[in-house]
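See below for the structure under consideration.
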Amino acid sequence: MAGPTRPWRLYDRLTSEDIDTIIRLYAAGTIQKDLAAKFNISVSSIQRVLRDHG
């Protein structure tokens with residue numbers, strides 16, 4: 001039997017604090033690939049968060 005699964009939807013996996021941190025780190029110069037690794041999501045998900053939140 002598999003272990004617990006994570007929620008599928010992106011915004012179910014990220015807290016509002018996570019989103020704020022992604023935006024702040026990106027604005028400070030962190031590259032999308034590093035953000036994706038830090039939050040265990042894809043680069044395209046990082047791009048979506050950034051696009052959705054200006």
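Scheme for the structure tokens: letters A, B, ... for chains in order shown; per-chain residue numbers from 1; ligand numbers from 1 in order shown.
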
Non-local contacts of Leu10 (chain A) (12 Å; only C-alpha atoms; under 2 positions in same chain excluded) as a ChimeraX atom specification:
/A:6-8,12-16,18-19,39-42,44-49,52

Extract the full set of helix (DSSP H, G or I) residues from chain A according to DSSP on the backbone, and format it as a VMD selection string.
chain A and resid 10 to 13 16 to 27 32 to 39 43 to 52

Residues within 8 Å of Leu35 (chain A), only C-alpha atoms, excluding chain neighbours under 4 positions, as a VMD selection string
chain A and resid 22 25 to 26 30 to 31 39 43 46
